[in-house]
file run.cif (mmCIF, C-alpha atoms and all ligand atoms)
data_query
#
loop_
_atom_site.label_atom_id
_atom_site.label_comp_id
_atom_site.auth_asym_id
_atom_site.auth_seq_id
_atom_site.Cartn_x
_atom_site.Cartn_y
_atom_site.Cartn_z
CA MET B 1 -20.56 6.37 -10.34
CA GLU B 2 -21.14 5.90 -6.61
CA ALA B 3 -18.27 4.98 -4.31
CA ILE B 4 -18.62 1.47 -2.88
CA MET B 5 -17.99 1.97 0.82
CA ASN B 6 -19.08 -1.45 2.00
CA ILE B 7 -20.38 -4.71 0.66
CA GLU B 8 -22.74 -7.40 1.94
CA LEU B 9 -21.79 -10.98 1.17
CA PRO B 10 -23.00 -14.36 2.41
CA LEU B 11 -19.55 -15.08 3.85
CA LYS B 12 -17.92 -14.67 7.22
CA LEU B 13 -16.24 -11.24 7.47
CA LEU B 14 -12.90 -11.92 9.15
CA HIS B 15 -11.49 -8.42 9.07
CA LYS B 16 -12.44 -4.98 7.90
CA GLY B 17 -9.30 -3.00 7.08
CA LYS B 18 -9.21 0.63 6.14
CA VAL B 19 -9.74 -0.24 2.48
CA ARG B 20 -10.35 -3.99 2.16
CA ASN B 21 -12.92 -6.40 3.53
CA MET B 22 -11.50 -9.86 4.11
CA TYR B 23 -13.89 -12.83 4.05
CA GLU B 24 -13.32 -16.49 4.74
CA ILE B 25 -14.05 -18.87 1.89
CA ASP B 26 -12.59 -21.90 3.65
CA SER B 27 -9.70 -22.67 5.98
CA GLU B 28 -7.16 -22.15 3.18
CA THR B 29 -8.65 -19.31 1.14
CA LEU B 30 -9.92 -15.76 1.55
CA LEU B 31 -11.93 -13.33 -0.51
CA LEU B 32 -10.30 -9.90 -0.49
CA VAL B 33 -12.54 -7.05 -1.63
CA ALA B 34 -11.03 -3.59 -2.19
CA THR B 35 -13.77 -1.04 -1.54
CA ASP B 36 -13.58 2.63 -2.58
CA ARG B 37 -12.77 3.66 0.98
CA VAL B 38 -9.82 6.00 1.39
CA SER B 39 -7.78 6.83 4.46
CA ALA B 40 -5.15 9.34 5.48
CA PHE B 41 -3.22 9.46 8.74
CA ASP B 42 -4.70 5.99 9.41
CA ARG B 43 -8.30 7.27 9.45
CA VAL B 44 -10.99 6.41 6.92
CA PHE B 45 -12.93 9.26 5.30
CA PRO B 46 -16.75 9.18 5.39
CA ASN B 47 -16.87 9.40 1.57
CA GLY B 48 -14.83 7.36 -0.90
CA ILE B 49 -13.20 7.63 -4.32
CA PRO B 50 -15.52 5.95 -6.87
CA GLY B 51 -13.71 3.08 -8.60
CA LYS B 52 -10.54 3.35 -6.50
CA GLY B 53 -10.85 -0.26 -5.29
CA LYS B 54 -10.88 -1.49 -8.88
CA ILE B 55 -7.84 0.57 -9.79
CA LEU B 56 -5.86 -0.69 -6.77
CA THR B 57 -6.79 -4.31 -7.47
CA GLN B 58 -5.88 -4.11 -11.17
CA ILE B 59 -2.56 -2.40 -10.41
CA SER B 60 -1.64 -5.02 -7.79
CA ASN B 61 -2.64 -7.90 -10.05
CA LYS B 62 -0.44 -6.52 -12.82
CA TRP B 63 2.59 -6.20 -10.50
CA PHE B 64 2.08 -9.65 -9.03
CA LYS B 65 2.54 -10.96 -12.59
CA ILE B 66 5.60 -8.81 -13.29
CA ILE B 67 7.37 -9.36 -9.97
CA ASN B 68 8.64 -12.87 -9.92
CA TYR B 69 8.09 -13.68 -6.25
CA PRO B 70 5.55 -16.06 -4.65
CA ASN B 71 2.32 -14.21 -3.82
CA HIS B 72 -1.13 -14.84 -2.40
CA ILE B 73 -3.16 -14.72 -5.63
CA ILE B 74 -5.33 -17.71 -6.50
CA GLU B 75 -8.01 -16.18 -8.77
CA THR B 76 -8.64 -12.69 -10.13
CA ASP B 77 -11.48 -13.36 -12.58
CA ILE B 78 -14.95 -13.23 -11.01
CA GLU B 79 -16.29 -15.62 -13.67
CA ASN B 80 -14.14 -18.32 -12.10
CA PHE B 81 -15.27 -17.55 -8.53
CA PRO B 82 -17.34 -20.27 -6.83
CA GLU B 83 -21.15 -19.94 -6.77
CA PRO B 84 -22.78 -17.67 -5.72
CA LEU B 85 -19.86 -15.20 -5.64
CA ASN B 86 -19.63 -15.20 -9.44
CA LYS B 87 -23.09 -13.56 -9.45
CA TYR B 88 -22.08 -10.58 -7.30
CA PHE B 89 -21.21 -8.12 -10.05
CA GLU B 90 -20.20 -5.42 -7.60
CA LEU B 91 -17.18 -7.63 -6.85
CA GLU B 92 -15.93 -7.43 -10.43
CA ASP B 93 -12.34 -6.13 -10.86
CA ARG B 94 -12.03 -5.26 -7.16
CA THR B 95 -11.90 -8.74 -5.71
CA VAL B 96 -9.35 -11.53 -5.55
CA ILE B 97 -9.37 -14.98 -4.08
CA VAL B 98 -6.16 -15.42 -2.14
CA LYS B 99 -4.23 -17.89 -0.01
CA LYS B 100 -5.00 -17.40 3.66
CA ALA B 101 -1.58 -16.56 5.04
CA LYS B 102 -0.37 -16.05 8.57
CA ARG B 103 0.41 -12.36 8.37
CA ILE B 104 3.81 -11.10 9.53
CA ASP B 105 2.88 -7.93 11.45
CA ILE B 106 5.48 -5.71 9.83
CA GLU B 107 5.09 -3.18 7.07
CA CYS B 108 8.19 -3.64 4.97
CA VAL B 109 8.90 -0.09 3.85
CA VAL B 110 11.62 0.72 1.32
CA ARG B 111 12.66 4.32 0.74
CA GLY B 112 14.79 5.49 -2.14
CA PHE B 113 14.09 9.15 -1.33
CA ILE B 114 13.55 11.02 1.90
CA ILE B 115 9.99 12.29 2.30
CA GLY B 116 6.93 11.97 4.55
CA SER B 117 7.44 10.40 7.98
CA GLY B 118 11.05 9.59 6.97
CA TRP B 119 11.79 13.25 6.26
CA LYS B 120 10.14 14.22 9.56
CA GLU B 121 12.25 11.71 11.50
CA TYR B 122 15.43 12.75 9.67
CA LYS B 123 14.89 16.42 10.48
CA GLU B 124 14.44 15.57 14.16
CA SER B 125 17.19 12.99 14.60
CA GLY B 126 19.33 12.72 11.46
CA SER B 127 18.25 9.10 11.05
CA VAL B 128 15.27 7.00 9.96
CA CYS B 129 14.32 3.83 11.83
CA GLY B 130 17.78 3.82 13.40
CA ILE B 131 19.59 4.24 10.07
CA LYS B 132 21.95 7.20 10.25
CA LEU B 133 21.78 9.30 7.09
CA PRO B 134 24.27 11.86 5.77
CA LYS B 135 23.92 15.46 6.88
CA GLY B 136 22.42 18.10 4.60
CA LEU B 137 19.68 16.08 2.89
CA LYS B 138 16.81 18.16 1.58
CA MET B 139 13.13 17.33 1.29
CA ALA B 140 12.76 14.64 -1.41
CA SER B 141 16.54 14.05 -1.73
CA LYS B 142 17.54 10.78 -3.36
CA LEU B 143 19.35 8.44 -0.97
CA SER B 144 22.66 6.91 -2.08
CA GLU B 145 20.92 3.52 -1.94
CA PRO B 146 17.41 2.41 -0.97
CA ILE B 147 16.94 1.81 2.76
CA PHE B 148 14.66 -0.65 4.58
CA THR B 149 12.62 1.09 7.29
CA PRO B 150 10.16 -1.35 8.87
CA ALA B 151 7.01 -0.36 10.75
CA PHE B 152 5.11 -2.46 13.26
CA LYS B 153 1.51 -3.03 12.16
CA ASN B 154 -0.53 -1.67 14.99
CA ASP B 155 -4.11 -2.89 14.65
CA LYS B 156 -5.24 0.01 16.78
CA GLY B 157 -3.81 3.43 16.04
CA HIS B 158 -0.83 4.30 13.89
CA ASP B 159 1.75 1.92 12.54
CA GLU B 160 4.97 2.52 14.36
CA ASN B 161 8.40 2.97 12.74
CA ILE B 162 10.86 0.56 14.31
CA THR B 163 14.55 -0.27 14.01
CA PHE B 164 15.74 -3.37 12.20
CA GLU B 165 16.91 -4.76 15.57
CA ARG B 166 13.38 -4.41 16.92
CA MET B 167 12.07 -6.22 13.84
CA VAL B 168 14.54 -9.03 14.51
CA ASP B 169 13.08 -9.32 18.04
CA ILE B 170 9.60 -9.68 16.53
CA THR B 171 10.22 -12.00 13.55
CA GLY B 172 13.61 -13.57 14.26
CA TYR B 173 16.81 -12.78 12.36
CA GLU B 174 16.32 -15.07 9.40
CA ILE B 175 12.87 -13.76 8.44
CA ALA B 176 13.81 -10.13 9.10
CA ASN B 177 16.84 -10.38 6.86
CA LYS B 178 14.96 -12.19 4.14
CA LEU B 179 12.11 -9.67 4.12
CA LYS B 180 14.60 -6.83 3.97
CA ASP B 181 16.41 -8.33 0.96
CA ILE B 182 13.22 -9.22 -0.91
CA SER B 183 11.69 -5.79 -0.27
CA ILE B 184 14.74 -3.91 -1.52
CA ASP B 185 14.95 -6.23 -4.54
CA ILE B 186 11.33 -5.67 -5.55
CA TYR B 187 11.59 -1.94 -4.97
CA THR B 188 14.69 -1.74 -7.18
CA LYS B 189 13.11 -3.78 -9.93
CA ALA B 190 9.92 -1.66 -9.91
CA TYR B 191 11.96 1.55 -9.64
CA ASN B 192 13.83 0.72 -12.84
CA ILE B 193 10.69 -0.27 -14.72
CA LEU B 194 8.85 2.91 -13.71
CA TYR B 195 11.81 5.20 -14.30
CA ASP B 196 11.69 4.26 -17.98
CA LYS B 197 8.04 5.32 -17.94
CA GLY B 198 8.80 8.76 -16.50
CA ILE B 199 7.86 7.87 -12.93
CA ILE B 200 10.02 7.92 -9.81
CA LEU B 201 9.04 5.30 -7.27
CA ALA B 202 10.06 7.28 -4.18
CA ASP B 203 9.05 4.68 -1.61
CA THR B 204 6.72 1.75 -1.11
CA LYS B 205 5.65 -0.83 1.44
CA PHE B 206 5.01 -4.54 1.29
CA GLU B 207 3.27 -7.01 3.53
CA PHE B 208 4.24 -10.65 3.76
CA GLY B 209 2.69 -13.76 5.21
CA ILE B 210 3.56 -17.40 5.71
CA TYR B 211 1.63 -20.00 3.75
CA ASN B 212 2.57 -23.70 3.78
CA GLY B 213 5.86 -22.75 5.42
CA GLU B 214 6.75 -20.36 2.59
CA ILE B 215 7.05 -16.56 2.72
CA ILE B 216 4.63 -14.96 0.24
CA LEU B 217 3.64 -11.42 -0.70
CA ILE B 218 0.13 -10.54 0.50
CA ASP B 219 -2.30 -7.62 0.46
CA GLU B 220 -1.45 -5.13 -2.31
CA ILE B 221 1.79 -4.19 -4.03
CA LEU B 222 3.10 -1.05 -5.71
CA THR B 223 -0.22 0.80 -5.73
CA PRO B 224 -0.81 4.53 -5.17
CA ASP B 225 -2.13 3.66 -1.69
CA SER B 226 1.09 1.89 -0.73
CA SER B 227 3.67 3.87 -2.72
CA ARG B 228 4.76 7.33 -3.72
CA PHE B 229 4.88 7.85 -7.47
CA TRP B 230 6.50 11.10 -8.56
CA VAL B 231 6.51 12.67 -11.99
CA LYS B 232 10.15 12.51 -13.14
CA GLU B 233 9.83 15.59 -15.33
CA PHE B 234 8.90 17.82 -12.41
CA TYR B 235 11.11 16.29 -9.72
CA LYS B 236 13.30 18.79 -7.92
CA GLU B 237 15.27 18.18 -4.74
CA GLY B 238 14.03 20.42 -1.91
CA GLU B 239 10.51 20.76 -3.30
CA SER B 240 7.33 18.87 -2.57
CA PRO B 241 7.04 16.59 -5.62
CA VAL B 242 4.17 16.33 -8.09
CA SER B 243 2.79 12.87 -7.51
CA TYR B 244 0.23 10.28 -8.61
CA ASP B 245 -0.74 8.98 -5.18
CA LYS B 246 -2.44 9.82 -1.89
CA GLN B 247 -0.19 12.79 -1.16
CA PHE B 248 -2.76 15.08 -2.74
CA ILE B 249 -5.28 14.09 -0.08
CA ARG B 250 -2.74 14.45 2.75
CA ASP B 251 -1.82 17.93 1.49
CA TYR B 252 -5.49 18.93 1.39
CA CYS B 253 -5.99 17.68 4.97
CA ILE B 254 -2.96 19.58 6.22
CA SER B 255 -4.25 22.72 4.44
CA ILE B 256 -7.49 22.56 6.45
CA GLY B 257 -5.63 21.83 9.67
CA TRP B 258 -6.61 18.16 10.05
CA GLU B 259 -3.82 15.63 10.63
CA GLY B 260 -5.70 12.65 11.97
CA ASP B 261 -6.32 13.72 15.56
CA THR B 262 -10.11 13.55 15.24
CA ASP B 263 -12.57 11.72 12.97
CA ALA B 264 -11.82 12.31 9.31
CA PRO B 265 -13.75 15.13 7.60
CA SER B 266 -15.62 14.65 4.30
CA LEU B 267 -13.51 15.11 1.19
CA PRO B 268 -14.85 17.82 -1.14
CA ASP B 269 -15.93 16.78 -4.65
CA GLU B 270 -12.98 18.43 -6.37
CA ILE B 271 -10.49 16.57 -4.13
CA VAL B 272 -12.28 13.28 -4.90
CA LYS B 273 -12.21 14.07 -8.63
CA LYS B 274 -8.55 15.10 -8.68
CA THR B 275 -7.51 12.02 -6.68
CA LEU B 276 -9.34 9.78 -9.11
CA GLU B 277 -7.57 11.47 -12.02
CA LYS B 278 -4.21 10.82 -10.39
CA TYR B 279 -5.03 7.17 -9.65
CA ASN B 280 -6.24 6.70 -13.23
CA GLU B 281 -3.09 8.29 -14.60
CA ILE B 282 -0.75 5.93 -12.74
CA TYR B 283 -3.05 3.02 -13.58
CA SER B 284 -2.73 3.73 -17.29
CA ILE B 285 1.07 4.01 -16.99
CA ILE B 286 1.36 0.71 -15.11
CA SER B 287 -1.08 -0.98 -17.52
CA SER B 288 1.27 -0.09 -20.36
CA ILE B 289 4.23 -1.98 -18.85
N1 LIG O 1 -3.33 -13.31 1.79
C1 LIG O 1 -3.60 -12.74 2.97
N2 LIG O 1 -3.64 -13.51 4.10
C2 LIG O 1 -3.90 -12.95 5.31
N3 LIG O 1 -4.16 -11.63 5.50
C3 LIG O 1 -4.13 -10.83 4.43
C4 LIG O 1 -3.86 -11.33 3.11
N4 LIG O 1 -3.88 -10.30 2.25
C5 LIG O 1 -4.17 -9.21 2.98
N5 LIG O 1 -4.31 -9.50 4.29
C6 LIG O 1 -4.67 -8.58 5.37
O1 LIG O 1 -5.98 -8.10 5.05
C7 LIG O 1 -6.11 -6.73 5.43
C8 LIG O 1 -6.43 -5.91 4.19
O2 LIG O 1 -7.09 -4.77 4.54
P1 LIG O 1 -6.56 -3.30 4.25
O3 LIG O 1 -5.57 -3.32 3.14
O4 LIG O 1 -7.75 -2.44 4.14
O5 LIG O 1 -5.85 -3.09 5.64
P2 LIG O 1 -5.02 -1.86 6.14
O6 LIG O 1 -5.89 -0.77 6.50
O7 LIG O 1 -3.91 -1.64 5.17
O8 LIG O 1 -4.40 -2.47 7.44
P3 LIG O 1 -5.12 -2.94 8.75
O9 LIG O 1 -5.33 -4.40 8.62
O10 LIG O 1 -4.06 -2.61 9.73
O11 LIG O 1 -6.40 -2.16 8.90
C9 LIG O 1 -4.79 -6.32 6.04
O12 LIG O 1 -4.87 -6.46 7.44
C10 LIG O 1 -3.81 -7.35 5.46
O13 LIG O 1 -2.71 -7.56 6.30
MG MG O 2 -3.38 -2.74 3.37
#
call {"tool": "encode", "arguments": {"input": "run.cif", "output": "structure tokens"}}
result
Amino acid sequence: MEAIMNIELPLKLLHKGKVRNMYEIDSETLLLVATDRVSAFDRVFPNGIPGKGKILTQISNKWFKIINYPNHIIETDIENFPEPLNKYFELEDRTVIVKKAKRIDIECVVRGFIIGSGWKEYKESGSVCGIKLPKGLKMASKLSEPIFTPAFKNDKGHDENITFERMVDITGYEIANKLKDISIDIYTKAYNILYDKGIILADTKFEFGIYNGEIILIDEILTPDSSRFWVKEFYKEGESPVSYDKQFIRDYCISIGWEGDTDAPSLPDEIVKKTLEKYNEIYSIISSI
């Protein structure tokens, strides 16, 4: 199977994200196509992971059904797409028709464990996004309760970790507080569901938008692109966890001395294959919920 890196459609392309192409259907609706593109350190690799876009879309669709919160989904079945989109078979399973929301430019990150950029920040300052954490945490330590660590969505360059106060400046207090509560709620619900399946949801991020005056979940939720899924059986505080997510790619990049400062290198076949195995593994676990 070839990786689908791009797609040509007779629609207006509004935005090309790192993974998704967003097209306008009309003033109220969008077509969101998840390609097989993959990124690390906010840069897209020249080669993709064949079928990854389908896996991400199916995982998100499943969670949108489980998580009882308003979301952007209108239609997931290509057979019900308007003509001629229902004839574009390359869209199958990787495409959704969604409500066109006004995006809130914040990545709503929830961390139950300290790892990644959070671990880096903690080691330097003892806090994450302005939240002071207890002394003596180790890599991958569980936090006493999940914390909300927002990041500002920077269309150019890296997303930037910000304090909650800074988020309040951007969105206003009411929205900031609401997004924080909803994000922690969804994280906790998903954490409990996955824990029973032998998976630790270490952290995750959500995006929200406003549609008809209502806050809704947009983009993707609880996928291996947006979350860290650790294998419970092998979890050990102080050690880099075994995971079903993009960490494998990040680790490979670090091992060859690339951390996003230049254009992304090609991913070797065995890294592509192993990543696909990991994505398929978490997909089958989430499908069984
Ligand atoms: N229902 C929606 N309404 C409006 N925008 C949406 C909706 N769902 C997703 N988006 C936006 O579409 C884009 C999806 O592309 P993708 O997930 O590849 O982006 P990304 O690489 O995560 O982020 P960026 O947009 O910063 O490149 C994101 O910018 C996301 O915010
Ligand atoms: Mg995204």
call {"tool": "closest_residue", "arguments": {"input": "run.cif", "among": "B:Tyr252, B:Phe208, B:Tyr283, B:Tyr23", "to": "ligand MG 2 (chain O)", "atoms": "all atoms listed in the file"}}
result
B:Phe208
call {"tool": "residues_near_ligand", "arguments": {"input": "run.cif", "ligand": "ligand MG 2 (chain O)", "cutoff": "10 Å", "atoms": "only C-alpha atoms and all ligand atoms", "output": "list in words"}}
result
Gly17, Lys18, Val19, Arg20, Ala34, Glu107, Lys205, Phe206, Glu207, Ile218, Asp219, Glu220, Ile221, Asp225 and Ser226 of chain B
call {"tool": "residues_near_ligand", "arguments": {"input": "run.cif", "ligand": "ligand LIG 1 (chain O)", "cutoff": "9 Å", "atoms": "only C-alpha atoms and all ligand atoms", "output": "number ranges by chain"}}
result
B: 14-22, 29-35, 37, 39, 42-44, 71-73, 97-105, 107, 153-159, 207-211, 216-220, 225-226
call {"tool": "atom_distance", "arguments": {"input": "run.cif", "atom1": "atom CA of B:Gly260", "atom2": "atom CA of B:Gly53"}}
result
22.2 Å
call {"tool": "atom_distance", "arguments": {"input": "run.cif", "atom1": "atom CA of B:Asn212", "atom2": "atom CA of B:Ile147"}}
result
29.3 Å
call {"tool": "atom_distance", "arguments": {"input": "run.cif", "atom1": "atom CA of B:Lys274", "atom2": "atom CA of B:Trp230"}}
result
15.6 Å
call {"tool": "residues_around", "arguments": {"input": "run.cif", "residues": "B:Lys62", "least_positions_apart": "4", "cutoff": "12 Å", "atoms": "only C-alpha atoms", "output": "JSON, numbers by chain"}}
result
{"B": [55, 56, 57, 58, 66, 67, 68, 73, 76, 190, 220, 221, 222, 223, 283, 284, 285, 286, 287, 288, 289]}
call {"tool": "closest_residue", "arguments": {"input": "run.cif", "among": "B:Glu281, B:Glu160, B:Asp261, B:Glu2", "to": "B:Asp245", "atoms": "only C-alpha atoms"}}
result
B:Glu281
call {"tool": "decode", "arguments": {"input": "run.cif", "residues": "stretch 103-127 of chain B", "atoms": "N, CA and C atoms", "output": "tab-separated table (two decimals), in the first residue's frame"}}
result
chain	number	residue	atom	x	y	z
B	103	ARG	N	-12.22	28.32	14.94
B	103	ARG	CA	-11.27	27.63	15.82
B	103	ARG	C	-10.79	28.53	16.96
B	104	ILE	N	-10.71	27.96	18.16
B	104	ILE	CA	-10.07	28.64	19.28
B	104	ILE	C	-8.59	28.23	19.23
B	105	ASP	N	-7.70	29.22	19.11
B	105	ASP	CA	-6.29	28.92	18.78
B	105	ASP	C	-5.46	28.43	19.97
B	106	ILE	N	-6.03	27.47	20.68
B	106	ILE	CA	-5.33	26.93	21.85
B	106	ILE	C	-5.35	25.41	21.75
B	107	GLU	N	-4.22	24.79	21.98
B	107	GLU	CA	-4.21	23.34	22.12
B	107	GLU	C	-4.46	23.06	23.60
B	108	CYS	N	-5.55	22.36	23.86
B	108	CYS	CA	-5.92	22.10	25.25
B	108	CYS	C	-5.28	20.78	25.70
B	109	VAL	N	-4.11	20.91	26.28
B	109	VAL	CA	-3.32	19.72	26.66
B	109	VAL	C	-3.64	19.33	28.10
B	110	VAL	N	-3.87	18.03	28.30
B	110	VAL	CA	-4.03	17.51	29.67
B	110	VAL	C	-2.94	16.48	29.90
B	111	ARG	N	-2.26	16.61	31.03
B	111	ARG	CA	-1.19	15.65	31.37
B	111	ARG	C	-1.50	14.99	32.69
B	112	GLY	N	-1.50	13.65	32.66
B	112	GLY	CA	-1.66	12.89	33.89
B	112	GLY	C	-0.30	12.41	34.39
B	113	PHE	N	0.69	12.48	33.50
B	113	PHE	CA	2.05	12.00	33.78
B	113	PHE	C	3.01	13.05	33.24
B	114	ILE	N	4.23	13.03	33.74
B	114	ILE	CA	5.18	14.06	33.32
B	114	ILE	C	6.20	13.46	32.33
B	115	ILE	N	6.11	13.93	31.09
B	115	ILE	CA	6.93	13.37	30.02
B	115	ILE	C	7.04	14.42	28.90
B	116	GLY	N	7.92	14.20	27.96
B	116	GLY	CA	8.00	15.07	26.78
B	116	GLY	C	8.36	16.49	27.14
B	117	SER	N	7.68	17.47	26.50
B	117	SER	CA	8.02	18.88	26.74
B	117	SER	C	7.72	19.26	28.19
B	118	GLY	N	6.74	18.58	28.81
B	118	GLY	CA	6.41	18.84	30.22
B	118	GLY	C	7.57	18.44	31.13
B	119	TRP	N	8.13	17.29	30.86
B	119	TRP	CA	9.28	16.79	31.64
B	119	TRP	C	10.47	17.72	31.47
B	120	LYS	N	10.67	18.19	30.23
B	120	LYS	CA	11.77	19.11	29.94
B	120	LYS	C	11.61	20.41	30.75
B	121	GLU	N	10.38	20.95	30.70
B	121	GLU	CA	10.11	22.20	31.41
B	121	GLU	C	10.27	22.01	32.93
B	122	TYR	N	9.76	20.88	33.42
B	122	TYR	CA	9.84	20.59	34.86
B	122	TYR	C	11.29	20.51	35.33
B	123	LYS	N	12.13	19.86	34.52
B	123	LYS	CA	13.54	19.72	34.91
B	123	LYS	C	14.22	21.08	34.98
B	124	GLU	N	13.81	21.99	34.06
B	124	GLU	CA	14.43	23.31	34.03
B	124	GLU	C	13.90	24.24	35.12
B	125	SER	N	12.58	24.15	35.38
B	125	SER	CA	11.97	25.18	36.24
B	125	SER	C	11.16	24.64	37.41
B	126	GLY	N	10.93	23.34	37.45
B	126	GLY	CA	10.10	22.78	38.54
B	126	GLY	C	8.62	22.98	38.31
B	127	SER	N	8.26	23.56	37.15
B	127	SER	CA	6.84	23.75	36.88
B	127	SER	C	6.55	23.49	35.40
